[in-house]
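Asks: data.csv is reproduced below (CSV, C-alpha atoms and all ligand atoms).
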```
chain,number,residue,atom,x,y,z
Z,4,MET,CA,33.9,-50.0,-33.5
Z,5,ARG,CA,31.4,-48.2,-35.7
Z,6,PRO,CA,28.2,-47.2,-33.9
Z,7,ARG,CA,25.1,-49.2,-34.7
Z,8,LEU,CA,22.8,-47.3,-37.0
Z,9,ILE,CA,19.5,-46.6,-35.3
Z,10,LEU,CA,16.5,-46.5,-37.5
Z,11,VAL,CA,13.8,-44.0,-36.5
Z,12,SER,CA,11.5,-47.0,-35.9
Z,13,ASP,CA,13.8,-48.6,-33.3
Z,14,PRO,CA,11.6,-49.4,-30.3
Z,15,HIS,CA,14.4,-48.5,-27.9
Z,16,ILE,CA,14.3,-44.8,-28.9
Z,17,PRO,CA,11.8,-42.9,-26.9
Z,18,HIS,CA,9.0,-41.8,-29.3
Z,19,ARG,CA,9.7,-38.2,-28.6
Z,20,LEU,CA,13.2,-38.4,-30.1
Z,21,GLU,CA,12.0,-39.7,-33.4
Z,22,GLY,CA,12.8,-37.2,-36.1
Z,23,LEU,CA,15.9,-35.9,-34.3
Z,24,ALA,CA,18.0,-38.7,-35.9
Z,25,GLN,CA,17.4,-37.4,-39.4
Z,26,ARG,CA,18.0,-33.9,-38.4
Z,27,MET,CA,21.3,-34.7,-36.6
Z,28,GLY,CA,22.5,-37.5,-38.9
Z,29,GLU,CA,21.7,-41.0,-38.0
Z,30,ALA,CA,25.2,-42.2,-37.2
Z,31,ARG,CA,26.0,-39.3,-35.0
Z,32,PHE,CA,22.6,-39.6,-33.3
Z,33,ALA,CA,23.3,-43.3,-32.5
Z,34,GLU,CA,26.8,-42.4,-31.2
Z,35,ARG,CA,25.4,-39.8,-28.9
Z,36,LEU,CA,22.7,-42.0,-27.5
Z,37,GLU,CA,25.2,-44.8,-26.9
Z,38,LYS,CA,27.5,-42.5,-25.0
Z,39,GLU,CA,24.7,-41.1,-22.9
Z,40,LYS,CA,23.8,-44.8,-22.1
Z,41,GLN,CA,27.4,-45.5,-21.2
Z,42,LEU,CA,27.5,-42.5,-18.9
Z,43,ILE,CA,24.5,-43.7,-17.1
Z,44,GLN,CA,26.0,-47.2,-16.8
Z,45,GLN,CA,29.2,-45.8,-15.4
Z,46,LEU,CA,27.1,-44.3,-12.6
Z,47,GLY,CA,26.4,-47.8,-11.3
Z,48,HIS,CA,30.2,-48.4,-11.0
Z,49,GLY,CA,30.8,-45.0,-9.3
Z,50,GLN,CA,32.5,-43.5,-12.3
Z,51,GLY,CA,29.9,-41.1,-13.5
Z,52,ARG,CA,30.2,-38.2,-11.2
Z,53,GLY,CA,31.6,-35.9,-13.8
Z,54,ILE,CA,33.7,-35.8,-17.0
Z,55,PHE,CA,36.8,-34.6,-15.1
Z,56,SER,CA,38.8,-37.6,-14.0
Z,57,LEU,CA,39.8,-35.7,-10.8
Z,58,GLU,CA,36.1,-35.7,-9.7
Z,59,ASN,CA,36.1,-39.5,-9.8
Z,60,TYR,CA,38.7,-39.8,-7.1
Z,61,ILE,CA,38.1,-37.0,-4.7
Z,62,ASP,CA,35.1,-34.8,-3.7
Z,63,PHE,CA,36.5,-32.0,-5.9
Z,64,TYR,CA,33.6,-29.6,-5.3
Z,65,GLY,CA,33.5,-30.4,-1.6
Z,66,VAL,CA,37.2,-29.4,-1.3
Z,67,VAL,CA,36.6,-26.1,-3.3
Z,68,ARG,CA,33.6,-25.3,-1.1
Z,69,CYS,CA,35.6,-26.0,2.1
Z,70,CYS,CA,38.5,-23.8,0.9
Z,71,LEU,CA,36.2,-20.9,0.1
Z,72,GLN,CA,34.4,-21.2,3.4
Z,73,LEU,CA,37.6,-21.4,5.4
Z,74,THR,CA,39.1,-18.3,3.6
Z,75,GLY,CA,35.9,-16.3,4.1
Z,76,LEU,CA,35.3,-16.0,0.4
Z,77,TRP,CA,32.2,-18.1,0.0
Z,78,SER,CA,29.6,-15.4,0.3
Z,79,ARG,CA,31.5,-13.1,-2.1
Z,80,ALA,CA,31.9,-15.9,-4.6
Z,81,VAL,CA,28.1,-16.6,-4.6
Z,82,ARG,CA,27.3,-12.9,-5.0
Z,83,ASN,CA,29.7,-12.8,-8.0
Z,84,TYR,CA,28.0,-15.8,-9.5
Z,85,LEU,CA,24.6,-14.0,-9.4
Z,86,ASP,CA,26.0,-10.7,-10.6
Z,87,ILE,CA,25.8,-11.3,-14.4
Z,88,HIS,CA,27.6,-8.8,-16.6
Z,89,VAL,CA,26.5,-7.7,-20.0
Z,90,GLU,CA,29.5,-7.7,-22.3
Z,91,ALA,CA,29.4,-5.9,-25.6
Z,92,ASN,CA,31.3,-7.3,-28.6
Z,93,GLU,CA,31.3,-5.5,-31.9
Z,94,VAL,CA,32.3,-7.8,-34.8
Z,95,PHE,CA,33.2,-6.6,-38.3
Z,96,LEU,CA,32.6,-9.4,-40.8
Z,97,GLU,CA,33.7,-8.9,-44.4
Z,98,ARG,CA,31.0,-11.1,-45.9
Z,99,LEU,CA,28.2,-9.9,-43.8
Z,100,PRO,CA,25.4,-8.6,-46.1
Z,101,ALA,CA,24.7,-4.9,-45.6
Z,102,ALA,CA,21.2,-5.6,-44.5
Z,103,PHE,CA,22.5,-7.3,-41.4
Z,104,ASP,CA,24.7,-4.4,-40.4
Z,105,GLY,CA,23.8,-3.7,-36.8
Z,106,PHE,CA,22.2,-7.1,-36.2
Z,107,ARG,CA,22.4,-7.9,-32.5
Z,108,ILE,CA,22.9,-11.4,-31.1
Z,109,LEU,CA,22.3,-12.0,-27.4
Z,110,HIS,CA,24.6,-14.9,-26.5
Z,111,LEU,CA,24.0,-17.0,-23.4
Z,112,SER,CA,26.1,-20.1,-22.5
Z,113,ASP,CA,26.5,-22.7,-19.8
Z,114,LEU,CA,23.3,-21.9,-18.0
Z,115,HIS,CA,23.5,-24.9,-15.7
Z,116,ALA,CA,20.1,-23.5,-14.9
Z,117,ASP,CA,19.3,-25.8,-12.0
Z,118,LEU,CA,22.3,-24.9,-9.9
Z,119,HIS,CA,20.9,-22.0,-7.9
Z,120,PRO,CA,17.2,-20.9,-7.3
Z,121,GLN,CA,18.0,-17.3,-7.9
Z,122,PHE,CA,19.8,-17.8,-11.2
Z,123,VAL,CA,16.9,-17.3,-13.6
Z,124,ALA,CA,15.9,-14.1,-11.9
Z,125,SER,CA,19.5,-12.8,-12.0
Z,126,VAL,CA,19.7,-13.4,-15.8
Z,127,LYS,CA,16.3,-11.7,-16.4
Z,128,ARG,CA,17.5,-8.7,-14.4
Z,129,ALA,CA,20.8,-8.5,-16.3
Z,130,ILE,CA,19.1,-8.5,-19.8
Z,131,SER,CA,15.9,-6.6,-18.9
Z,132,SER,CA,17.1,-3.4,-20.7
Z,133,VAL,CA,19.1,-5.1,-23.4
Z,134,GLU,CA,17.7,-5.0,-27.0
Z,135,TYR,CA,18.5,-7.8,-29.4
Z,136,ASP,CA,17.4,-9.4,-32.6
Z,137,LEU,CA,18.3,-13.0,-32.0
Z,138,VAL,CA,19.2,-15.2,-29.0
Z,139,VAL,CA,21.7,-18.0,-29.1
Z,140,VAL,CA,22.6,-20.5,-26.3
Z,141,THR,CA,25.8,-22.4,-26.7
Z,142,GLY,CA,25.0,-25.4,-24.6
Z,143,ASP,CA,25.1,-26.8,-21.1
Z,144,PHE,CA,21.6,-26.4,-19.7
Z,145,ARG,CA,22.0,-28.8,-16.8
Z,146,THR,CA,24.4,-28.8,-13.8
Z,147,CYS,CA,25.3,-32.5,-13.8
Z,148,THR,CA,26.4,-34.5,-16.7
Z,149,PHE,CA,23.8,-37.1,-15.9
Z,150,GLY,CA,20.6,-37.6,-14.0
Z,151,ASP,CA,17.3,-35.8,-13.9
Z,152,HIS,CA,17.0,-32.9,-16.3
Z,153,THR,CA,13.6,-31.7,-15.3
Z,154,GLY,CA,14.8,-28.8,-13.0
Z,155,ALA,CA,17.2,-27.5,-15.6
Z,156,THR,CA,14.6,-27.8,-18.4
Z,157,GLU,CA,12.0,-26.0,-16.4
Z,158,ALA,CA,14.4,-23.2,-15.4
Z,159,SER,CA,15.6,-22.8,-19.0
Z,160,ILE,CA,12.1,-22.6,-20.3
Z,161,GLU,CA,11.2,-20.0,-17.6
Z,162,LEU,CA,14.3,-18.0,-18.8
Z,163,LEU,CA,14.2,-18.5,-22.5
Z,164,GLY,CA,10.6,-19.2,-23.3
Z,165,GLU,CA,9.5,-15.6,-23.0
Z,166,LEU,CA,12.4,-13.8,-24.8
Z,167,SER,CA,11.4,-11.2,-27.3
Z,168,ALA,CA,13.4,-12.7,-30.2
Z,169,PRO,CA,13.9,-16.1,-31.9
Z,170,CYS,CA,16.1,-18.4,-29.8
Z,171,TYR,CA,18.5,-21.0,-31.2
Z,172,ALA,CA,20.6,-23.4,-29.2
Z,173,ILE,CA,23.0,-26.3,-29.3
Z,174,LEU,CA,23.7,-29.1,-26.8
Z,175,GLY,CA,26.7,-29.2,-24.5
Z,176,ASN,CA,28.6,-31.9,-22.8
Z,177,HIS,CA,26.2,-31.7,-19.8
Z,178,ASP,CA,23.1,-32.2,-21.9
Z,179,PHE,CA,21.2,-35.3,-22.9
Z,180,MET,CA,19.2,-35.5,-26.2
Z,181,ILE,CA,16.0,-36.2,-24.3
Z,182,LYS,CA,15.6,-32.6,-23.3
Z,183,VAL,CA,15.4,-31.3,-26.8
Z,184,PRO,CA,11.7,-32.0,-27.5
Z,185,SER,CA,10.6,-30.2,-24.3
Z,186,LEU,CA,12.7,-27.1,-25.0
Z,187,GLU,CA,11.7,-27.0,-28.6
Z,188,ALA,CA,8.0,-27.2,-27.6
Z,189,ALA,CA,8.7,-24.0,-25.6
Z,190,GLY,CA,10.1,-22.3,-28.7
Z,191,ILE,CA,13.8,-22.9,-28.3
Z,192,ARG,CA,15.0,-24.3,-31.6
Z,193,PHE,CA,18.0,-26.6,-31.5
Z,194,LEU,CA,20.6,-26.9,-34.3
Z,195,LEU,CA,21.7,-30.6,-34.2
Z,196,ASN,CA,24.4,-30.5,-36.8
Z,197,GLU,CA,22.0,-28.3,-38.7
Z,198,SER,CA,21.8,-24.8,-40.1
Z,199,VAL,CA,19.2,-22.1,-40.5
Z,200,ALA,CA,19.1,-19.3,-43.0
Z,201,LEU,CA,18.3,-15.9,-41.3
Z,202,LYS,CA,16.8,-13.5,-43.8
Z,203,ARG,CA,16.5,-9.7,-44.0
Z,204,GLY,CA,14.8,-8.9,-47.3
Z,205,ASP,CA,16.8,-10.8,-49.9
Z,206,ALA,CA,19.9,-11.0,-47.7
Z,207,VAL,CA,20.9,-14.2,-46.0
Z,208,LEU,CA,23.0,-15.0,-42.9
Z,209,HIS,CA,23.5,-18.6,-42.0
Z,210,LEU,CA,23.5,-19.8,-38.4
Z,211,VAL,CA,25.1,-23.2,-38.1
Z,212,GLY,CA,25.0,-25.4,-35.0
Z,213,ILE,CA,27.0,-28.5,-34.2
Z,214,ASP,CA,26.7,-31.1,-31.5
Z,215,ASP,CA,29.1,-31.2,-28.6
Z,216,PRO,CA,32.7,-31.6,-29.8
Z,217,ASN,CA,34.2,-32.0,-26.4
Z,218,PHE,CA,32.9,-35.1,-24.6
Z,219,TYR,CA,30.4,-36.6,-27.1
Z,220,LYS,CA,32.4,-35.7,-30.2
Z,221,THR,CA,29.3,-36.1,-32.2
Z,222,HIS,CA,29.7,-32.8,-34.1
Z,223,ASP,CA,29.5,-33.1,-37.9
Z,224,PHE,CA,30.5,-30.1,-40.1
Z,225,ASP,CA,29.5,-31.9,-43.3
Z,226,HIS,CA,26.0,-32.5,-42.1
Z,227,ALA,CA,25.6,-29.1,-40.5
Z,228,LEU,CA,26.8,-27.2,-43.7
Z,229,THR,CA,24.7,-29.2,-46.1
Z,230,GLY,CA,23.1,-26.7,-48.5
Z,231,VAL,CA,25.0,-23.7,-47.1
Z,232,PRO,CA,26.7,-21.9,-50.0
Z,233,GLU,CA,30.4,-21.6,-49.5
Z,234,ALA,CA,30.5,-17.9,-50.3
Z,235,ASP,CA,27.8,-16.9,-47.8
Z,236,CYS,CA,28.5,-15.5,-44.4
Z,237,LYS,CA,28.2,-18.1,-41.7
Z,238,ILE,CA,28.1,-18.0,-37.9
Z,239,LEU,CA,28.9,-21.2,-36.0
Z,240,LEU,CA,27.6,-22.3,-32.6
Z,241,SER,CA,30.0,-24.8,-31.1
Z,242,HIS,CA,29.8,-25.6,-27.4
Z,243,ALA,CA,33.5,-25.8,-26.9
Z,244,PRO,CA,36.0,-23.6,-28.8
Z,245,GLN,CA,38.2,-26.5,-29.7
Z,246,THR,CA,36.7,-26.7,-33.2
Z,247,TYR,CA,38.4,-23.5,-34.1
Z,248,ARG,CA,40.8,-24.9,-36.6
Z,249,GLU,CA,38.2,-27.0,-38.5
Z,250,ALA,CA,35.7,-24.1,-38.4
Z,251,ALA,CA,38.3,-21.7,-39.9
Z,252,ARG,CA,39.1,-24.3,-42.6
Z,253,ARG,CA,35.4,-24.7,-43.4
Z,254,GLY,CA,35.0,-21.0,-44.1
Z,255,ILE,CA,33.1,-20.0,-40.9
Z,256,ASP,CA,33.1,-16.3,-40.4
Z,257,LEU,CA,32.4,-16.2,-36.7
Z,258,GLN,CA,32.4,-19.0,-34.1
Z,259,LEU,CA,30.5,-18.5,-30.8
Z,260,SER,CA,31.4,-20.9,-28.0
Z,261,GLY,CA,31.3,-21.4,-24.2
Z,262,HIS,CA,32.2,-24.5,-22.2
Z,263,THR,CA,35.3,-23.0,-20.5
Z,264,HIS,CA,33.5,-20.8,-18.0
Z,265,GLY,CA,36.6,-18.6,-18.3
Z,266,GLY,CA,38.0,-20.7,-15.5
Z,267,GLN,CA,35.1,-19.7,-13.2
Z,268,ILE,CA,37.5,-19.4,-10.1
Z,269,CYS,CA,40.5,-17.3,-11.1
Z,270,LEU,CA,43.3,-15.6,-9.4
Z,271,PRO,CA,43.3,-11.7,-9.3
Z,272,SER,CA,43.6,-10.2,-12.9
Z,273,GLY,CA,41.6,-13.2,-14.2
Z,274,ILE,CA,44.5,-15.7,-14.2
Z,275,VAL,CA,43.0,-19.1,-14.8
Z,276,VAL,CA,43.9,-21.8,-12.3
Z,277,VAL,CA,42.1,-24.9,-13.7
Z,278,HIS,CA,40.9,-25.3,-17.3
Z,279,ASP,CA,40.0,-27.8,-19.9
Z,280,ARG,CA,43.1,-28.2,-22.0
Z,281,SER,CA,41.1,-29.0,-25.2
Z,282,ALA,CA,41.8,-25.5,-26.5
Z,283,PRO,CA,44.7,-23.1,-26.1
Z,284,ARG,CA,44.6,-20.4,-23.4
Z,285,HIS,CA,43.8,-17.5,-25.7
Z,286,LEU,CA,40.5,-19.2,-26.6
Z,287,LEU,CA,39.4,-19.5,-22.9
Z,288,ALA,CA,37.4,-16.2,-22.8
Z,289,GLY,CA,36.5,-13.2,-24.9
Z,290,PRO,CA,37.2,-12.4,-28.6
Z,291,TRP,CA,39.9,-14.3,-30.6
Z,292,ARG,CA,40.9,-14.9,-34.1
Z,293,GLU,CA,42.0,-18.0,-36.1
Z,294,GLY,CA,43.2,-17.0,-39.6
Z,295,ALA,CA,40.3,-15.2,-41.3
Z,296,MET,CA,37.8,-16.5,-38.8
Z,297,GLN,CA,36.8,-14.5,-35.7
Z,298,GLY,CA,35.6,-16.2,-32.5
Z,299,TYR,CA,34.2,-15.4,-29.1
Z,300,THR,CA,34.2,-17.6,-26.0
Z,301,SER,CA,31.7,-16.7,-23.4
Z,302,ARG,CA,32.8,-17.0,-19.7
Z,303,GLY,CA,29.4,-18.6,-19.2
Z,304,THR,CA,26.2,-17.2,-17.8
Z,305,GLY,CA,25.9,-19.7,-15.0
Z,306,GLY,CA,28.5,-21.9,-13.3
Z,307,SER,CA,29.5,-25.5,-12.9
Z,308,GLY,CA,29.6,-27.6,-9.8
Z,309,LEU,CA,29.2,-24.8,-7.3
Z,310,PRO,CA,27.4,-21.4,-7.6
Z,311,VAL,CA,30.5,-19.5,-7.2
Z,312,ARG,CA,32.8,-17.2,-9.2
Z,313,LEU,CA,36.0,-15.4,-8.4
Z,314,ASN,CA,37.8,-12.9,-10.6
Z,315,CYS,CA,35.8,-14.2,-13.5
Z,316,PRO,CA,32.4,-12.6,-13.9
Z,317,ALA,CA,29.4,-14.5,-15.3
Z,318,GLU,CA,28.3,-13.0,-18.6
Z,319,VAL,CA,25.7,-12.6,-21.3
Z,320,THR,CA,27.2,-11.2,-24.5
Z,321,LEU,CA,25.7,-8.8,-26.9
Z,322,HIS,CA,27.4,-9.3,-30.3
Z,323,THR,CA,26.7,-6.5,-32.7
Z,324,LEU,CA,27.5,-7.4,-36.3
Z,325,ARG,CA,29.0,-4.9,-38.7
Z,326,SER,CA,29.6,-5.2,-42.4
Z,327,GLU,CA,33.0,-3.9,-43.4
X,1,FE,FE,29.4,-25.6,-18.8
```
Take the structure in the file and write it out as structure tokens.
Replies:
Amino acid sequence: MRPRLILVSDPHIPHRLEGLAQRMGEARFAERLEKEKQLIQQLGHGQGRGIFSLENYIDFYGVVRCCLQLTGLWSRAVRNYLDIHVEANEVFLERLPAAFDGFRILHLSDLHADLHPQFVASVKRAISSVEYDLVVVTGDFRTCTFGDHTGATEASIELLGELSAPCYAILGNHDFMIKVPSLEAAGIRFLLNESVALKRGDAVLHLVGIDDPNFYKTHDFDHALTGVPEADCKILLSHAPQTYREAARRGIDLQLSGHTHGGQICLPSGIVVVHDRSAPRHLLAGPWREGAMQGYTSRGTGGSGLPVRLNCPAEVTLHTLRSE
């Protein structure tokens, strides 16, 4: 069934969301709000604990916590979660204008910022000596996929509101649209199936952001790429890496993603135990390539469900762009 088109004057849309529909595309906006509403309704029937079906049948995180405690790994796993690594990634882009050679993008992802009270301080410590020209956040600000977003929004603002460079973000599958106005008021600009032209002199680099392609599936390349010249260099923010084929077809030069958490709890040597199967294994973490397009999937700055990590460090990534 096609989603109902919501007009910006619809009295059911909170006043603060007016204006976002046009930016995102009214049909996709309506679809997203409808899915958010369905998720809330599922809660009443005990089906809204998470997007993973396993979580709907057993206390998945309770079992993981119990296993880590019984094996004596809990404390180490929490220490790992708070020990955020800075990963350097140098990317050579054929179409990058020479004026952007050396441009540094600080990439944060999957903050789930309300999961642990020491998380924000840990990220600040990790990036305190890092220099960058732009910050991007590839979605998932909140821990749960539903419920109150206040804690996550406040922690995100505490972390991102004082950064020394412009900050652009996209929504993930854990985020509701309602948090966008608060975060934008703090200077974090969202790309809701939109693009922005970054300029250095006469040179232009396009930053394109799409909505969550994983759970909400309200991403829209056509809308996001409106007005972006085909021949120009384009960097895509996509919460989940699963858009890799379409992004490559659309002439994206570099895709930045998160969502996978790199597995979060891995076996020694980083062997992933449980992962979302929406993208192939080689896209789960780090740099990758799809045809002429390059990509990078962050292991995530925070964590999901439990504040733990094993054999899979949390990361902020410093991408340095080079023109070939
Ligand atoms: Fe996440």
Asks: Determine, counting only C-alpha atoms, every residue of protein, DNA or RNA that lies within 7 Å of (23.0, -30.2, -32.9) in the file coordinates, then give the result as an NGL selection string.
Replies: :Z and (27 or 173-174 or 193-197 or 212-214)
Asks: Determine, counting only C-alpha atoms, which protein, DNA and RNA residues have an atom within 12 Å of an atom of range 123-131 of chain Z; residues of the same chain fewer than 6 positions away are not included. Present the result as number ranges by chain.
Replies: Z: 81-90, 109-112, 114-117, 138, 144, 154-167, 303-305, 317-321
Asks: When you draw a straight line from CA of Leu73 in chain Z to CA of Leu313 in chain Z, how long is it in Å?
Replies: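 CA of Leu313 in chain Z lies at a distance of 15.1 Å from CA of Leu73 in chain Z.
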Asks: Which residue is closest to ligand FE 1 (chain X)? Choose from Z:Gly204, Z:Gly261, Z:Pro184, Z:Gly254 and count only C-alpha atoms and all ligand atoms.
Replies: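 For ligand FE 1 (chain X), the nearest of the candidates is Z:Gly261.
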Asks: Of the residues Z:Asn176, Z:Ser281, Z:Ser198, Z:Ser260, which is the one nearest to ligand FE 1 (chain X), using only C-alpha atoms and all ligand atoms?
Replies: Z:Asn176
Asks: Which neighbours of Lys38 in chain Z fall inside 12 Å, counting only C-alpha atoms, when residues of the same chain fewer than 3 positions from it are skipped, and could you give them as a ChimeraX atom specification?
Replies: /Z:6,31-35,41-45,51,148-149,176,178-180,215,218-221
Asks: My list of candidates is Z:Asp136, Z:Glu249, Z:Asp279, Z:Asp151. Which is closest to ligand FE 1 (chain X) when distances are computed with only C-alpha atoms and all ligand atoms?
Replies: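 Of all the options, Z:Asp279 lies closest to ligand FE 1 (chain X).
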Asks: Around ligand FE 1 (chain X), at most 6 Å away and counting all atoms listed in the file, which residues are there? Put them as a VMD selection string, please.
Replies: chain Z and resid 113 143 262 307
Asks: When you count all atoms listed in the file, which of these residues is closest to Asp205 in chain Z: Z:Leu259, Z:Val311, Z:Ala30, Z:Ala102?
Replies: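 Looking at the shortest contact to Asp205 in chain Z, the residue is Z:Ala102.
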Asks: Distance CA of Arg107 in chain Z-CA of Arg325 in chain Z, one decimal place?
Replies: 9.5 Å
Asks: One decimal, Å: what's the distance from CA of Gly306 in chain Z over to CA of Thr146 in chain Z, could you say?
Replies: 8.0 Å
Asks: Please produce range 216-244 of chain Z, completed to N, CA and C atoms, as a compact mmCIF listing (two decimals), keeping the file's coordinate frame.
Replies:
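Result file is rebuild_25.txt:
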```txt
# COMPACT_ATOMS: atom_id res chain seq x y z
N PRO Z 216 31.48 -31.07 -29.33
CA PRO Z 216 32.70 -31.60 -29.80
C PRO Z 216 33.67 -32.06 -28.73
N ASN Z 217 33.28 -31.84 -27.48
CA ASN Z 217 34.20 -32.00 -26.40
C ASN Z 217 34.13 -33.44 -25.78
N PHE Z 218 33.01 -33.79 -25.17
CA PHE Z 218 32.90 -35.10 -24.60
C PHE Z 218 32.22 -36.10 -25.55
N TYR Z 219 31.11 -35.69 -26.17
CA TYR Z 219 30.40 -36.60 -27.10
C TYR Z 219 31.09 -36.74 -28.42
N LYS Z 220 31.74 -35.68 -28.87
CA LYS Z 220 32.40 -35.70 -30.20
C LYS Z 220 31.51 -36.11 -31.30
N THR Z 221 30.27 -35.70 -31.22
CA THR Z 221 29.30 -36.10 -32.20
C THR Z 221 28.95 -34.88 -33.13
N HIS Z 222 29.88 -33.95 -33.21
CA HIS Z 222 29.70 -32.80 -34.10
C HIS Z 222 29.97 -33.30 -35.55
N ASP Z 223 29.34 -32.64 -36.50
CA ASP Z 223 29.50 -33.10 -37.90
C ASP Z 223 29.33 -31.85 -38.80
N PHE Z 224 30.47 -31.33 -39.20
CA PHE Z 224 30.50 -30.10 -40.10
C PHE Z 224 29.80 -30.41 -41.40
N ASP Z 225 30.10 -31.59 -41.97
CA ASP Z 225 29.50 -31.90 -43.30
C ASP Z 225 28.01 -31.83 -43.25
N HIS Z 226 27.44 -32.47 -42.25
CA HIS Z 226 26.00 -32.50 -42.10
C HIS Z 226 25.42 -31.11 -41.84
N ALA Z 227 26.11 -30.40 -40.95
CA ALA Z 227 25.60 -29.10 -40.50
C ALA Z 227 25.66 -28.08 -41.70
N LEU Z 228 26.65 -28.24 -42.57
CA LEU Z 228 26.80 -27.20 -43.70
C LEU Z 228 26.13 -27.66 -44.95
N THR Z 229 25.37 -28.75 -44.91
CA THR Z 229 24.70 -29.20 -46.10
C THR Z 229 23.74 -28.07 -46.62
N GLY Z 230 23.92 -27.72 -47.86
CA GLY Z 230 23.10 -26.70 -48.50
C GLY Z 230 23.45 -25.28 -48.20
N VAL Z 231 24.52 -25.08 -47.43
CA VAL Z 231 25.00 -23.70 -47.10
C VAL Z 231 25.99 -23.29 -48.18
N PRO Z 232 25.71 -22.27 -48.99
CA PRO Z 232 26.70 -21.90 -50.00
C PRO Z 232 28.00 -21.43 -49.42
N GLU Z 233 29.08 -21.89 -50.04
CA GLU Z 233 30.40 -21.60 -49.50
C GLU Z 233 30.71 -20.14 -49.37
N ALA Z 234 30.18 -19.34 -50.31
CA ALA Z 234 30.50 -17.90 -50.30
C ALA Z 234 29.74 -17.09 -49.34
N ASP Z 235 28.71 -17.67 -48.73
CA ASP Z 235 27.80 -16.90 -47.80
C ASP Z 235 28.45 -16.73 -46.44
N CYS Z 236 27.98 -15.72 -45.74
CA CYS Z 236 28.50 -15.50 -44.40
C CYS Z 236 27.83 -16.47 -43.40
N LYS Z 237 28.69 -17.04 -42.53
CA LYS Z 237 28.20 -18.10 -41.70
C LYS Z 237 28.69 -17.89 -40.21
N ILE Z 238 27.75 -18.03 -39.30
CA ILE Z 238 28.10 -18.00 -37.90
C ILE Z 238 27.89 -19.38 -37.31
N LEU Z 239 28.91 -19.86 -36.59
CA LEU Z 239 28.90 -21.20 -36.00
C LEU Z 239 28.63 -21.18 -34.53
N LEU Z 240 27.72 -22.03 -34.05
CA LEU Z 240 27.60 -22.30 -32.60
C LEU Z 240 28.24 -23.61 -32.32
N SER Z 241 29.26 -23.57 -31.49
CA SER Z 241 30.00 -24.80 -31.10
C SER Z 241 30.21 -24.72 -29.60
N HIS Z 242 29.70 -25.69 -28.87
CA HIS Z 242 29.80 -25.60 -27.40
C HIS Z 242 31.18 -25.28 -26.92
N ALA Z 243 32.15 -26.05 -27.36
CA ALA Z 243 33.50 -25.80 -26.90
C ALA Z 243 34.32 -25.16 -28.06
N PRO Z 244 35.26 -24.29 -27.71
CA PRO Z 244 36.00 -23.60 -28.80
C PRO Z 244 36.97 -24.44 -29.54
```
